[in-house]
Every structure is written in structure tokens, then in C-alpha cells.
file protein.cif (mmCIF, C-alpha atoms and all ligand atoms)
data_model
loop_
_atom_site.label_atom_id
_atom_site.label_comp_id
_atom_site.auth_asym_id
_atom_site.auth_seq_id
_atom_site.Cartn_x
_atom_site.Cartn_y
_atom_site.Cartn_z
CA MET A 1 7.03 11.41 22.30
CA LEU A 2 3.55 10.95 20.84
CA ALA A 3 2.65 7.64 19.21
CA LEU A 4 -0.48 5.97 17.88
CA ARG A 5 -0.40 2.57 19.47
CA LYS A 6 -2.44 -0.56 19.34
CA THR A 7 -2.46 -1.26 23.06
CA ARG A 8 -4.69 -4.35 23.24
CA ALA A 9 -6.29 -7.11 21.19
CA GLY A 10 -9.58 -5.64 20.05
CA ARG A 11 -10.97 -2.67 18.23
CA GLY A 12 -9.30 0.72 18.44
CA VAL A 13 -6.03 2.59 18.59
CA ASP A 14 -4.69 4.92 21.29
CA LEU A 15 -2.67 8.11 21.23
CA VAL A 16 -0.06 7.70 23.96
CA THR A 17 3.16 9.24 25.17
CA THR A 18 6.07 6.85 25.00
CA GLY A 19 9.86 6.90 24.76
CA TYR A 20 13.05 4.89 24.61
CA ALA A 21 14.89 3.53 27.63
CA GLU A 22 18.16 3.37 25.69
CA PRO A 23 19.75 6.59 24.38
CA LEU A 24 20.93 5.00 21.12
CA PRO A 25 19.31 2.59 18.66
CA ALA A 26 20.29 -1.08 19.06
CA GLU A 27 22.99 -2.67 16.91
CA GLY A 28 22.04 -2.57 13.24
CA GLU A 29 19.12 -0.22 13.89
CA VAL A 30 18.46 3.35 12.83
CA GLU A 31 16.34 6.04 14.47
CA VAL A 32 14.23 8.08 12.09
CA ALA A 33 12.39 11.33 12.81
CA ILE A 34 9.10 10.92 10.96
CA ARG A 35 8.15 13.72 8.56
CA ALA A 36 5.05 12.14 6.96
CA ALA A 37 3.29 8.82 7.39
CA GLY A 38 0.33 7.50 5.39
CA ILE A 39 -2.60 5.50 6.73
CA CYS A 40 -2.82 2.20 4.86
CA GLY A 41 -5.75 -0.20 4.43
CA SER A 42 -3.87 -2.66 6.62
CA ASP A 43 -3.72 -0.05 9.42
CA LEU A 44 -7.51 0.28 9.16
CA HIS A 45 -7.88 -3.51 9.37
CA ALA A 46 -5.58 -3.61 12.41
CA VAL A 47 -7.53 -0.87 14.17
CA ALA A 48 -10.87 -2.49 13.30
CA TRP A 49 -9.30 -5.73 14.57
CA ASP A 50 -10.41 -7.78 11.58
CA PRO A 51 -9.99 -11.52 12.18
CA SER A 52 -7.08 -11.80 9.74
CA TYR A 53 -5.08 -9.36 11.93
CA GLY A 54 -5.23 -11.52 15.06
CA PHE A 55 -1.60 -12.44 14.30
CA MET A 56 -0.62 -9.09 15.87
CA GLU A 57 -1.75 -10.09 19.36
CA PRO A 58 1.57 -11.50 20.68
CA PHE A 59 3.36 -8.31 19.54
CA LEU A 60 1.11 -5.81 21.33
CA PRO A 61 1.39 -3.12 22.45
CA LEU A 62 2.96 -1.59 19.36
CA THR A 63 3.00 1.59 17.31
CA ILE A 64 1.36 1.03 13.92
CA GLY A 65 2.18 2.71 10.59
CA HIS A 66 4.57 1.59 7.86
CA GLU A 67 4.22 4.11 5.02
CA PHE A 68 6.60 6.72 6.31
CA ALA A 69 9.25 9.14 5.19
CA GLY A 70 11.68 10.82 7.54
CA ARG A 71 15.21 11.80 8.37
CA VAL A 72 17.83 9.68 10.12
CA VAL A 73 18.65 11.13 13.55
CA ALA A 74 20.80 8.39 15.10
CA VAL A 75 22.37 5.08 14.12
CA GLY A 76 23.29 2.04 16.20
CA ALA A 77 26.57 0.14 16.11
CA GLY A 78 27.28 -1.67 12.87
CA VAL A 79 25.10 0.55 10.69
CA THR A 80 27.10 1.19 7.54
CA ALA A 81 24.85 2.56 4.79
CA LEU A 82 23.10 5.44 6.59
CA VAL A 83 24.21 8.45 8.60
CA PRO A 84 22.27 11.11 10.52
CA GLY A 85 20.73 13.58 8.11
CA ASP A 86 19.91 11.03 5.41
CA ARG A 87 16.34 11.18 4.14
CA VAL A 88 14.70 7.78 3.97
CA VAL A 89 11.51 5.83 3.29
CA CYS A 90 10.58 2.40 4.57
CA TRP A 91 9.87 -0.89 2.85
CA PRO A 92 8.52 -2.49 6.00
CA THR A 93 9.05 -6.17 5.18
CA LEU A 94 11.65 -8.09 7.19
CA PRO A 95 12.28 -11.57 5.77
CA CYS A 96 13.27 -14.15 8.41
CA GLY A 97 16.51 -15.11 6.64
CA THR A 98 16.26 -18.80 7.54
CA CYS A 99 13.20 -20.35 5.81
CA ASP A 100 13.46 -22.25 2.49
CA GLY A 101 12.43 -19.18 0.45
CA CYS A 102 14.93 -16.89 2.15
CA ARG A 103 17.78 -19.40 1.84
CA ALA A 104 16.98 -19.87 -1.84
CA GLY A 105 17.41 -16.11 -2.38
CA ARG A 106 13.68 -15.48 -2.72
CA PRO A 107 12.91 -13.27 0.30
CA SER A 108 9.51 -12.39 -1.19
CA ALA A 109 8.59 -16.06 -0.66
CA CYS A 110 9.48 -15.88 3.05
CA GLU A 111 6.98 -17.73 5.21
CA ALA A 112 7.87 -16.01 8.47
CA ARG A 113 8.33 -12.40 7.52
CA ARG A 114 7.78 -9.57 9.96
CA ILE A 115 6.31 -6.20 9.08
CA VAL A 116 7.31 -2.88 10.66
CA GLY A 117 4.11 -1.39 12.08
CA LEU A 118 2.33 -4.75 12.38
CA HIS A 119 4.84 -6.96 14.22
CA ARG A 120 7.09 -4.24 15.68
CA ASP A 121 6.88 -0.48 16.26
CA GLY A 122 6.09 1.58 13.18
CA GLY A 123 5.86 5.15 11.99
CA PHE A 124 2.78 6.78 13.55
CA ALA A 125 5.05 8.41 16.10
CA GLU A 126 7.51 11.27 16.25
CA ARG A 127 10.38 8.82 15.90
CA VAL A 128 10.86 5.15 15.09
CA ARG A 129 13.76 2.70 15.41
CA VAL A 130 13.99 0.13 12.65
CA PRO A 131 16.60 -2.22 11.20
CA GLU A 132 18.80 -0.48 8.66
CA ARG A 133 17.75 -2.91 5.93
CA VAL A 134 14.13 -1.65 5.72
CA LEU A 135 15.21 1.92 4.94
CA HIS A 136 15.87 3.29 1.46
CA ARG A 137 17.55 6.60 0.84
CA ILE A 138 15.56 9.10 -1.28
CA PRO A 139 16.71 12.05 -3.38
CA GLU A 140 16.76 15.49 -1.74
CA THR A 141 14.39 16.70 -4.44
CA LEU A 142 11.61 14.31 -3.44
CA GLU A 143 9.43 16.05 -0.85
CA ASP A 144 8.34 14.25 2.32
CA ASP A 145 4.63 13.90 1.52
CA LEU A 146 5.28 12.37 -1.88
CA ALA A 147 8.00 10.16 -0.45
CA ALA A 148 5.46 8.75 2.03
CA LEU A 149 3.65 7.30 -1.01
CA SER A 150 6.67 5.14 -1.91
CA GLU A 151 5.44 1.99 -0.20
CA PRO A 152 1.84 1.94 -1.50
CA LEU A 153 3.08 2.89 -4.96
CA ALA A 154 5.60 0.04 -4.82
CA ILE A 155 2.73 -2.33 -3.96
CA ALA A 156 0.95 -1.07 -7.08
CA VAL A 157 4.04 -1.43 -9.28
CA ASN A 158 4.42 -5.02 -8.10
CA ALA A 159 0.75 -5.84 -8.82
CA VAL A 160 1.20 -4.53 -12.37
CA ASP A 161 4.42 -6.56 -12.67
CA VAL A 162 2.57 -9.69 -11.54
CA SER A 163 -0.14 -9.04 -14.16
CA GLY A 164 2.47 -8.98 -16.93
CA THR A 165 0.85 -5.87 -18.43
CA GLN A 166 2.38 -4.82 -21.75
CA SER A 167 1.99 -1.63 -23.74
CA GLY A 168 -1.32 -1.68 -25.61
CA ASP A 169 -3.01 -4.15 -23.24
CA ARG A 170 -6.58 -3.50 -22.16
CA VAL A 171 -6.46 -3.47 -18.37
CA VAL A 172 -9.42 -3.26 -15.99
CA VAL A 173 -8.64 -2.23 -12.41
CA LEU A 174 -11.29 -2.98 -9.80
CA GLY A 175 -11.42 -0.67 -6.79
CA PRO A 176 -10.46 3.03 -6.81
CA GLY A 177 -8.83 3.18 -3.37
CA PRO A 178 -5.21 4.38 -3.11
CA ILE A 179 -3.80 1.04 -4.28
CA GLY A 180 -6.29 0.59 -7.15
CA ALA A 181 -5.81 4.15 -8.37
CA ALA A 182 -2.03 3.72 -8.20
CA ILE A 183 -2.26 0.41 -10.09
CA ALA A 184 -4.28 2.10 -12.83
CA PHE A 185 -1.72 4.91 -12.94
CA VAL A 186 1.25 2.53 -13.23
CA ALA A 187 -0.46 0.38 -15.90
CA GLN A 188 -1.23 3.51 -17.91
CA GLU A 189 2.36 4.71 -17.54
CA ARG A 190 3.39 1.43 -19.15
CA GLY A 191 1.25 2.12 -22.16
CA ALA A 192 -1.84 0.11 -21.27
CA GLU A 193 -5.38 1.22 -22.03
CA VAL A 194 -6.94 1.38 -18.60
CA LEU A 195 -10.43 1.32 -17.14
CA LEU A 196 -10.68 1.95 -13.39
CA VAL A 197 -14.03 1.01 -11.85
CA GLY A 198 -15.66 1.53 -8.48
CA LEU A 199 -19.03 1.17 -6.84
CA ASP A 200 -20.55 4.30 -5.29
CA ASP A 201 -17.06 5.79 -5.48
CA ALA A 202 -17.69 9.09 -7.27
CA GLU A 203 -15.21 11.08 -5.17
CA ARG A 204 -12.35 8.63 -5.50
CA LEU A 205 -12.96 8.19 -9.22
CA ALA A 206 -12.87 11.97 -9.62
CA ILE A 207 -9.48 12.00 -7.89
CA ALA A 208 -8.27 9.28 -10.27
CA THR A 209 -9.36 11.45 -13.19
CA ARG A 210 -7.32 14.33 -11.76
CA MET A 211 -4.34 11.95 -11.64
CA GLY A 212 -4.78 11.49 -15.36
CA ILE A 213 -6.47 8.07 -15.45
CA ALA A 214 -8.07 8.13 -18.90
CA ALA A 215 -11.23 6.13 -18.18
CA THR A 216 -13.18 5.52 -15.00
CA CYS A 217 -16.64 4.12 -14.37
CA ASP A 218 -18.93 3.93 -11.36
CA LEU A 219 -20.86 0.68 -11.50
CA SER A 220 -23.74 2.05 -9.45
CA GLY A 221 -25.71 2.63 -12.67
CA THR A 222 -24.35 -0.11 -14.94
CA THR A 223 -22.65 -3.52 -14.98
CA LEU A 224 -18.95 -4.27 -15.24
CA ASP A 225 -19.60 -6.16 -18.47
CA ALA A 226 -21.32 -3.13 -20.03
CA ALA A 227 -18.62 -0.76 -18.80
CA VAL A 228 -15.83 -2.91 -20.24
CA ARG A 229 -17.57 -3.27 -23.59
CA ALA A 230 -18.24 0.48 -23.71
CA ARG A 231 -14.55 1.19 -23.09
CA PHE A 232 -12.90 -1.53 -25.19
CA GLY A 233 -15.63 -2.99 -27.44
CA THR A 234 -14.52 -6.43 -26.26
CA ARG A 235 -13.27 -8.26 -23.19
CA CYS A 236 -10.00 -7.20 -21.60
CA ASP A 237 -6.50 -8.70 -21.41
CA ARG A 238 -5.88 -8.23 -17.69
CA VAL A 239 -7.95 -7.55 -14.59
CA ILE A 240 -6.29 -6.35 -11.42
CA GLU A 241 -8.46 -6.44 -8.31
CA ALA A 242 -7.90 -4.11 -5.34
CA THR A 243 -11.31 -4.23 -3.68
CA GLY A 244 -11.08 -7.00 -1.11
CA ALA A 245 -14.66 -7.91 -2.13
CA ALA A 246 -14.99 -11.52 -3.27
CA ALA A 247 -17.89 -10.71 -5.61
CA SER A 248 -15.62 -8.49 -7.67
CA VAL A 249 -13.38 -11.47 -8.44
CA ALA A 250 -16.27 -13.35 -10.06
CA GLN A 251 -17.26 -10.26 -12.07
CA GLY A 252 -13.68 -9.60 -13.09
CA LEU A 253 -13.15 -13.14 -14.37
CA GLU A 254 -16.28 -12.73 -16.53
CA VAL A 255 -14.92 -9.73 -18.41
CA LEU A 256 -11.51 -11.29 -19.02
CA ARG A 257 -10.74 -12.74 -22.45
CA PRO A 258 -9.58 -16.35 -22.82
CA GLU A 259 -5.92 -16.69 -21.75
CA GLY A 260 -6.20 -13.38 -19.91
CA VAL A 261 -4.62 -12.75 -16.51
CA PHE A 262 -6.50 -11.94 -13.33
CA VAL A 263 -4.49 -10.58 -10.41
CA ALA A 264 -6.05 -10.50 -6.94
CA ALA A 265 -4.34 -7.85 -4.82
CA GLY A 266 -7.01 -7.06 -2.20
CA ILE A 267 -7.12 -8.54 1.29
CA HIS A 268 -10.23 -10.70 1.39
CA ALA A 269 -12.21 -11.42 4.51
CA ARG A 270 -14.36 -14.09 2.84
CA PRO A 271 -13.67 -17.22 0.82
CA PHE A 272 -14.75 -17.32 -2.79
CA GLU A 273 -16.31 -20.00 -5.02
CA ILE A 274 -15.09 -20.17 -8.59
CA ASP A 275 -16.29 -21.87 -11.81
CA LEU A 276 -13.12 -23.89 -12.27
CA SER A 277 -14.19 -25.66 -15.47
CA ARG A 278 -14.68 -22.34 -17.14
CA LEU A 279 -11.37 -21.02 -15.81
CA VAL A 280 -9.63 -24.11 -17.19
CA ARG A 281 -11.39 -24.16 -20.57
CA GLU A 282 -10.75 -20.47 -21.14
CA LYS A 283 -7.18 -20.94 -19.89
CA LYS A 284 -7.36 -17.89 -17.63
CA GLN A 285 -4.54 -17.23 -15.20
CA LEU A 286 -5.47 -16.38 -11.62
CA ARG A 287 -2.57 -14.85 -9.67
CA GLY A 288 -2.04 -13.30 -6.25
CA ALA A 289 0.02 -10.15 -5.73
CA HIS A 290 1.13 -9.03 -2.29
CA ASP A 291 3.87 -6.80 -0.88
CA THR A 292 6.51 -5.72 -3.38
CA THR A 293 10.03 -6.31 -4.65
CA GLU A 294 13.33 -4.45 -4.57
CA ALA A 295 12.97 -3.51 -8.24
CA ALA A 296 9.38 -2.35 -7.83
CA PHE A 297 10.32 -0.24 -4.81
CA ALA A 298 13.08 1.49 -6.78
CA GLU A 299 10.68 2.06 -9.67
CA ALA A 300 8.12 3.62 -7.30
CA ILE A 301 10.68 6.12 -5.97
CA ALA A 302 11.73 6.99 -9.52
CA LEU A 303 8.09 7.38 -10.59
CA LEU A 304 7.41 9.77 -7.69
CA GLY A 305 10.35 11.86 -8.84
CA ARG A 306 9.15 11.91 -12.43
CA ARG A 307 5.36 12.07 -12.02
CA GLY A 308 5.00 13.53 -8.53
CA GLU A 309 2.53 16.18 -9.55
CA ALA A 310 -0.02 13.67 -10.86
CA LEU A 311 0.57 11.27 -7.97
CA SER A 312 0.19 14.02 -5.37
CA HIS A 313 -3.57 13.92 -6.03
CA LEU A 314 -3.59 10.64 -4.08
CA ILE A 315 -3.03 12.68 -0.91
CA THR A 316 -6.37 14.12 0.17
CA HIS A 317 -5.81 14.91 3.85
CA ARG A 318 -2.96 15.92 6.12
CA LEU A 319 -3.40 15.90 9.88
CA PRO A 320 -1.08 16.27 12.85
CA LEU A 321 -0.23 13.08 14.74
CA SER A 322 -2.13 14.38 17.77
CA ARG A 323 -5.33 14.06 15.71
CA GLY A 324 -4.45 10.54 14.61
CA VAL A 325 -7.63 8.89 15.89
CA GLU A 326 -9.71 11.35 13.89
CA ALA A 327 -7.47 10.73 10.88
CA PHE A 328 -8.40 7.06 11.01
CA ASP A 329 -12.10 7.92 10.87
CA LEU A 330 -11.38 10.09 7.83
CA ALA A 331 -9.35 7.35 6.12
CA ARG A 332 -12.25 4.96 6.56
CA SER A 333 -14.65 7.30 4.76
CA GLY A 334 -15.14 7.04 1.00
CA GLY A 335 -14.21 10.68 0.44
CA ALA A 336 -10.59 10.27 1.48
CA MET A 337 -7.84 8.73 -0.60
CA LYS A 338 -4.50 8.83 1.23
CA VAL A 339 -4.51 10.45 4.68
CA LEU A 340 -1.08 11.57 5.92
CA LEU A 341 -0.02 12.20 9.49
CA HIS A 342 2.58 14.85 10.19
CA PRO A 343 4.52 15.49 13.37
CA ASP A 344 2.78 18.25 15.33
CA ASP A 345 5.69 20.65 15.05
CA LEU A 346 5.52 20.69 11.26
CA GLU A 347 4.37 24.04 9.97
CA GLY A 348 1.64 24.52 7.40
CA GLN A 349 -0.74 21.85 8.64
CA THR A 350 -3.95 21.64 6.67
CA THR A 351 -6.90 19.35 6.73
ZN ZN B 1 0.68 0.06 3.19
ZN ZN B 2 12.12 -16.41 5.46
#
call {"tool": "encode", "arguments": {"input": "protein.cif", "output": "C-alpha cells"}}
result
Amino acid sequence: MLALRKTRAGRGVDLVTTGYAEPLPAEGEVEVAIRAAGICGSDLHAVAWDPSYGFMEPFLPLTIGHEFAGRVVAVGAGVTALVPGDRVVCWPTLPCGTCDGCRAGRPSACEARRIVGLHRDGGFAERVRVPERVLHRIPETLEDDLAALSEPLAIAVNAVDVSGTQSGDRVVVLGPGPIGAAIAFVAQERGAEVLLVGLDDAERLAIATRMGIAATCDLSGTTLDAAVRARFGTRCDRVIEATGAAASVAQGLEVLRPEGVFVAAGIHARPFEIDLSRLVREKKQLRGAHDTTEAAFAEAIALLGRRGEALSHLITHRLPLSRGVEAFDLARSGGAMKVLLHPDDLEGQTT
């Protein structure tokens, strides 16, 4: 079968033909035929071989991709919750089960977690074998492409949870990529007044508008402070960052009211200096949000069922797996939001 694999430490990804030596999945594992798989920012980092992805080296070669939807085709011994034919999506996090966090019943605090598609084979392939526990059944009514948005949407739901956003809050979201746009969408669904900002991001902001985000602003012609005052007339209650650019954290803290909450959700390549006295005197809360939770994942699936039409605007490109390398170039460009890969035998391929 075809698979997009990271074959060596260094830049790049390769389309290869691979297969399984064993006819059936291992004990506790499930084989899934992939129907749609989204390219995530972390996949781009892994392919670019950013320094913070060096952790993958001992696990190479491996098939990347973790935002997938598919159908169960085989189950290994001991699998109890899934049978062939079930439609599933993946929450790719595998807690270790033995660290302090795991033993205390807080798997999200695991210090040795493994991720499908970063530590072991993932979903940019025709099929994948994964532990039963990472798969979640989805309703028959939820179509494959939308279902493939479950994981990134769950990341967004969690970031909004971490921010503590309440109905009526003024929320600024920094960065109109798929995660930022989804965060703005979720915050707005919860009754917040939202402003989504970008920098030289006209195309992505236009997509966010089509999703129904009430207010967007491109900072290429203005400042964040001016944009926030124009939208709210005052500073905001929450800022959620999904840019990965350290400078945006400093700007975001500036526009936050005293006792406001700042959530950093981007992956940052650089360290960041902060005016701590000001943070302390204004009693601002600086929080990190990463990955997601069981409850947020369930909410994401429900939201896709309820608001799928609006959320479908997140998907801008669909390519067959055989054009996966090209799909990565597209995903890296500012014009694309979510790029999905489909198995080559799927009819109705469009670009
Ligand atoms: Zn992802
Ligand atoms: Zn653990």
C-alpha cells in the first residue's frame, strides 16, 4: 500500500510502498482503512525537520499523519469495543500509563506520551494499525471529510476550555490558521464576542468570514491595539494565541485587560522575554494549552454534526495520497487552510 513516510532524520517526506508482515493486527490493535486524513501544522514541522521534532529520530522510519477518519477493516485479539465496519476517528495521544500523572488519573499530564503519526505509524497511508484506545466511533451521518476535522477541532475546543471563555466575553484570537480559525469558531459558539486577527492573511481571514466568524482583522495596515479598540472599544477579556510567533505573545498581553487570561496554544521555535512586573501587577493569567481532553474530543464530534456546514469551509484542498508531497507544499502556503488526503481509489477527487 501507499504511505507518506518520514524515512530519515532531516528535511522531507517520501511516498513509498509498504505493507504488513502479519495478516492481522496485533493484540489490542485495530486496522483502519483511511478515508480522509488532514495535514496538521505538526506534520509540516516534522517534514521541515524543525529542531523541536528531533524527538522523532529513534522512531524512524514511520508514516506520519494523525488527523484521520476511516473504517475498521480488521481487529486484533482482545479488541472489544470495535468491529469491522465501524467508522472511526483518531485522538492520537497514547499516555504511558505508568508516570505520576497517569497513575493519578490525569493522562493529559503524562510526561511520556506517544503520538500516532509522530512516534508510531499514522494515517497518511491506505491503512493504519493503531491501539483500540485511540479510536472513537463516529455517527453514520458524519461524512468522512468533516470527521477528519475532529482532532484539530478538539484541540481548539480544549484551548477555549483552558481560556475559561464565558458567554459575553471579548475574545481575541491570534493567528487565522486552521487551529486559530477553529478556536474563534468555538469561542463564538459559546457566546463570546470574537476578533480573529492575522498578518498578511487575507485569504485565511476570508475563509474565517465564510465560517461565520463575526469580526476579523489583518494587521498589515494597523496595530493589534487599534484593531482591538475598534472592535471592543476597550481591552479584551481573553487572548488565545495560535501563531507560534513569540512577538504575538507580547502584543496579545498588551491588549488584555487586568485579570484577563492569555492562552498560548502555538508551537514556538523561539524563547520569549516577558515584562513580569507588569504581568504580576495587572494580575494577568498566562496559560498553555496543548492536545485535548476526552470531553473536548466528544464536543468536537458533536459540533461537527451540528455545525458541519460552517466548519466545512476549513477544508480548502483535497488531494489523492499519491500527490501527498505536493499536498504538503500546498499546506505550507498561506492560501490553504486544511488540506485533506484521500485514498487514490476514492471517487470525486478535486483539488
Ligand atoms: Zn493535528
Ligand atoms: Zn504517563
call {"tool": "closest_atom_pairs", "arguments": {"input": "protein.cif", "of": "chain A", "to": "ligand ZN 2 (chain B)", "cutoff": "6 Å", "atoms": "all atoms listed in the file", "output": "Markdown table"}}
result
| residue | atom | partner | partner_atom | distance |
| --- | --- | --- | --- | --- |
| A:Pro95 | CA | B:ZN2 | ZN | 4.9 |
| A:Cys96 | CA | B:ZN2 | ZN | 3.9 |
| A:Gly97 | CA | B:ZN2 | ZN | 4.7 |
| A:Thr98 | CA | B:ZN2 | ZN | 5.2 |
| A:Cys99 | CA | B:ZN2 | ZN | 4.1 |
| A:Gly101 | CA | B:ZN2 | ZN | 5.7 |
| A:Cys102 | CA | B:ZN2 | ZN | 4.4 |
| A:Cys110 | CA | B:ZN2 | ZN | 3.6 |
| A:Glu111 | CA | B:ZN2 | ZN | 5.3 |
| A:Ala112 | CA | B:ZN2 | ZN | 5.2 |
| A:Arg113 | CA | B:ZN2 | ZN | 5.9 |
call {"tool": "residues_near_ligand", "arguments": {"input": "protein.cif", "ligand": "ligand ZN 1 (chain B)", "cutoff": "6 Å", "atoms": "only C-alpha atoms and all ligand atoms", "output": "PyMOL selection string"}}
result
chain A and resi 40+67+152
call {"tool": "atom_distance", "arguments": {"input": "protein.cif", "atom1": "atom CA of A:Ala181", "atom2": "atom CA of A:Val325"}}
result
24.8 Å
call {"tool": "residues_around", "arguments": {"input": "protein.cif", "residues": "A:Leu224", "least_positions_apart": "3", "cutoff": "9 Å", "atoms": "all atoms listed in the file", "output": "list in words"}}
result
Val197, Cys217, Leu219, Ala227, Val228, Arg229, Gln251, Gly252, Glu254 and Val255 of chain A
call {"tool": "write_last_selection", "arguments": {"input": "protein.cif", "atoms": "C-alpha atoms", "output": "CSV table (one decimal), in the frame of the given file"}}
result
chain,number,residue,atom,x,y,z
A,197,VAL,CA,-14.0,1.0,-11.8
A,217,CYS,CA,-16.6,4.1,-14.4
A,219,LEU,CA,-20.9,0.7,-11.5
A,227,ALA,CA,-18.6,-0.8,-18.8
A,228,VAL,CA,-15.8,-2.9,-20.2
A,229,ARG,CA,-17.6,-3.3,-23.6
A,251,GLN,CA,-17.3,-10.3,-12.1
A,252,GLY,CA,-13.7,-9.6,-13.1
A,254,GLU,CA,-16.3,-12.7,-16.5
A,255,VAL,CA,-14.9,-9.7,-18.4
call {"tool": "residues_near_point", "arguments": {"input": "protein.cif", "point": "(-9.0, 12.6, -9.6)", "cutoff": "12 Å", "atoms": "all atoms listed in the file", "output": "short mmCIF file (atom, residue, chain, number, x, y, z; two decimals) with C-alpha atoms, in the frame of the given file"}}
result
data_model
loop_
_atom_site.label_atom_id
_atom_site.label_comp_id
_atom_site.auth_asym_id
_atom_site.auth_seq_id
_atom_site.Cartn_x
_atom_site.Cartn_y
_atom_site.Cartn_z
CA PRO A 176 -10.46 3.03 -6.81
CA GLY A 177 -8.83 3.18 -3.37
CA PRO A 178 -5.21 4.38 -3.11
CA ALA A 181 -5.81 4.15 -8.37
CA ALA A 182 -2.03 3.72 -8.20
CA ALA A 184 -4.28 2.10 -12.83
CA PHE A 185 -1.72 4.91 -12.94
CA LEU A 196 -10.68 1.95 -13.39
CA ASP A 201 -17.06 5.79 -5.48
CA ALA A 202 -17.69 9.09 -7.27
CA GLU A 203 -15.21 11.08 -5.17
CA ARG A 204 -12.35 8.63 -5.50
CA LEU A 205 -12.96 8.19 -9.22
CA ALA A 206 -12.87 11.97 -9.62
CA ILE A 207 -9.48 12.00 -7.89
CA ALA A 208 -8.27 9.28 -10.27
CA THR A 209 -9.36 11.45 -13.19
CA ARG A 210 -7.32 14.33 -11.76
CA MET A 211 -4.34 11.95 -11.64
CA GLY A 212 -4.78 11.49 -15.36
CA ILE A 213 -6.47 8.07 -15.45
CA ALA A 214 -8.07 8.13 -18.90
CA ALA A 215 -11.23 6.13 -18.18
CA THR A 216 -13.18 5.52 -15.00
CA ALA A 310 -0.02 13.67 -10.86
CA LEU A 311 0.57 11.27 -7.97
CA SER A 312 0.19 14.02 -5.37
CA HIS A 313 -3.57 13.92 -6.03
CA LEU A 314 -3.59 10.64 -4.08
CA ILE A 315 -3.03 12.68 -0.91
CA THR A 316 -6.37 14.12 0.17
CA GLY A 335 -14.21 10.68 0.44
CA ALA A 336 -10.59 10.27 1.48
CA MET A 337 -7.84 8.73 -0.60
#
call {"tool": "closest_residue", "arguments": {"input": "protein.cif", "among": "A:Ala26, A:Ala125, A:Val171, A:Val32", "to": "A:Leu82", "atoms": "all atoms listed in the file"}}
result
A:Val32
call {"tool": "closest_residue", "arguments": {"input": "protein.cif", "among": "A:Ile138, A:Val116, A:Ile179, A:Leu256", "to": "A:Arg238", "atoms": "all atoms listed in the file"}}
result
A:Leu256
call {"tool": "atom_distance", "arguments": {"input": "protein.cif", "atom1": "atom CA of A:Leu276", "atom2": "atom CA of A:Ile183"}}
result
26.7 Å
call {"tool": "closest_atom_pairs", "arguments": {"input": "protein.cif", "of": "stretch 26-46 of chain A", "to": "stretch 68-80 of chain A", "cutoff": "6 Å", "atoms": "all atoms listed in the file", "output": "tab-separated table"}}
result
residue	atom	partner	partner_atom	distance
A:Ala26	CA	A:Gly76	CA	5.2
A:Glu27	CA	A:Ala77	CA	4.6
A:Gly28	CA	A:Val79	CA	5.1
A:Glu29	CA	A:Gly76	CA	5.3
A:Val30	CA	A:Val75	CA	4.5
A:Glu31	CA	A:Ala74	CA	5.1
A:Val32	CA	A:Val72	CA	4.4
A:Ala33	CA	A:Arg71	CA	5.3
A:Ile34	CA	A:Gly70	CA	4.3
A:Arg35	CA	A:Gly70	CA	4.7
A:Ala36	CA	A:Ala69	CA	5.5
A:Ala37	CA	A:Phe68	CA	4.1
call {"tool": "closest_residue", "arguments": {"input": "protein.cif", "among": "A:Arg133, A:Glu126, A:Phe328, A:Gly41", "to": "A:Thr243", "atoms": "all atoms listed in the file"}}
result
A:Gly41
call {"tool": "closest_residue", "arguments": {"input": "protein.cif", "among": "A:Val89, A:Ala156, A:Ala226, A:Ala302", "to": "A:Ala242", "atoms": "only C-alpha atoms"}}
result
A:Ala156
call {"tool": "residues_around", "arguments": {"input": "protein.cif", "residues": "stretch 15-17 of chain A", "least_positions_apart": "2", "cutoff": "12 Å", "atoms": "all atoms listed in the file", "output": "PyMOL selection string"}}
result
chain A and resi 1-7+12-13+19-20+61-64+124-127+320-328
call {"tool": "build_atoms", "arguments": {"input": "protein.cif", "residues": "stretch 233-237 of chain A", "atoms": "all heavy atoms", "output": "mmCIF file, in the coordinates of the input"}}
result
data_model
loop_
_atom_site.group_PDB
_atom_site.id
_atom_site.type_symbol
_atom_site.label_atom_id
_atom_site.label_comp_id
_atom_site.auth_asym_id
_atom_site.auth_seq_id
_atom_site.Cartn_x
_atom_site.Cartn_y
_atom_site.Cartn_z
ATOM 1 N N GLY A 233 -14.928 -2.317 -26.348
ATOM 2 C CA GLY A 233 -15.630 -2.990 -27.440
ATOM 3 C C GLY A 233 -15.495 -4.502 -27.376
ATOM 4 O O GLY A 233 -16.048 -5.225 -28.206
ATOM 5 N N THR A 234 -14.756 -4.994 -26.403
ATOM 6 C CA THR A 234 -14.520 -6.430 -26.260
ATOM 7 C C THR A 234 -14.059 -6.692 -24.834
ATOM 8 O O THR A 234 -13.964 -5.764 -24.024
ATOM 9 C CB THR A 234 -13.449 -6.889 -27.282
ATOM 10 O OG1 THR A 234 -13.194 -8.270 -27.102
ATOM 11 C CG2 THR A 234 -12.146 -6.113 -27.132
ATOM 12 N N ARG A 235 -13.772 -7.961 -24.535
ATOM 13 C CA ARG A 235 -13.270 -8.260 -23.190
ATOM 14 C C ARG A 235 -11.809 -7.790 -23.060
ATOM 15 O O ARG A 235 -11.162 -7.456 -24.051
ATOM 16 C CB ARG A 235 -13.423 -9.757 -22.896
ATOM 17 C CG ARG A 235 -14.895 -10.119 -22.694
ATOM 18 C CD ARG A 235 -15.055 -11.497 -22.063
ATOM 19 N NE ARG A 235 -14.946 -12.564 -23.040
ATOM 20 C CZ ARG A 235 -14.957 -13.867 -22.723
ATOM 21 N NH1 ARG A 235 -15.082 -14.233 -21.458
ATOM 22 N NH2 ARG A 235 -14.848 -14.783 -23.650
ATOM 23 N N CYS A 236 -11.319 -7.802 -21.834
ATOM 24 C CA CYS A 236 -10.000 -7.200 -21.600
ATOM 25 C C CYS A 236 -8.914 -8.268 -21.458
ATOM 26 O O CYS A 236 -9.190 -9.454 -21.332
ATOM 27 C CB CYS A 236 -10.054 -6.306 -20.360
ATOM 28 S SG CYS A 236 -10.444 -7.206 -18.859
ATOM 29 N N ASP A 237 -7.664 -7.805 -21.483
ATOM 30 C CA ASP A 237 -6.500 -8.700 -21.410
ATOM 31 C C ASP A 237 -6.092 -9.019 -19.978
ATOM 32 O O ASP A 237 -5.527 -10.083 -19.712
ATOM 33 C CB ASP A 237 -5.299 -8.053 -22.122
ATOM 34 C CG ASP A 237 -5.616 -7.712 -23.566
ATOM 35 O OD1 ASP A 237 -5.941 -8.635 -24.327
ATOM 36 O OD2 ASP A 237 -5.573 -6.512 -23.922
#
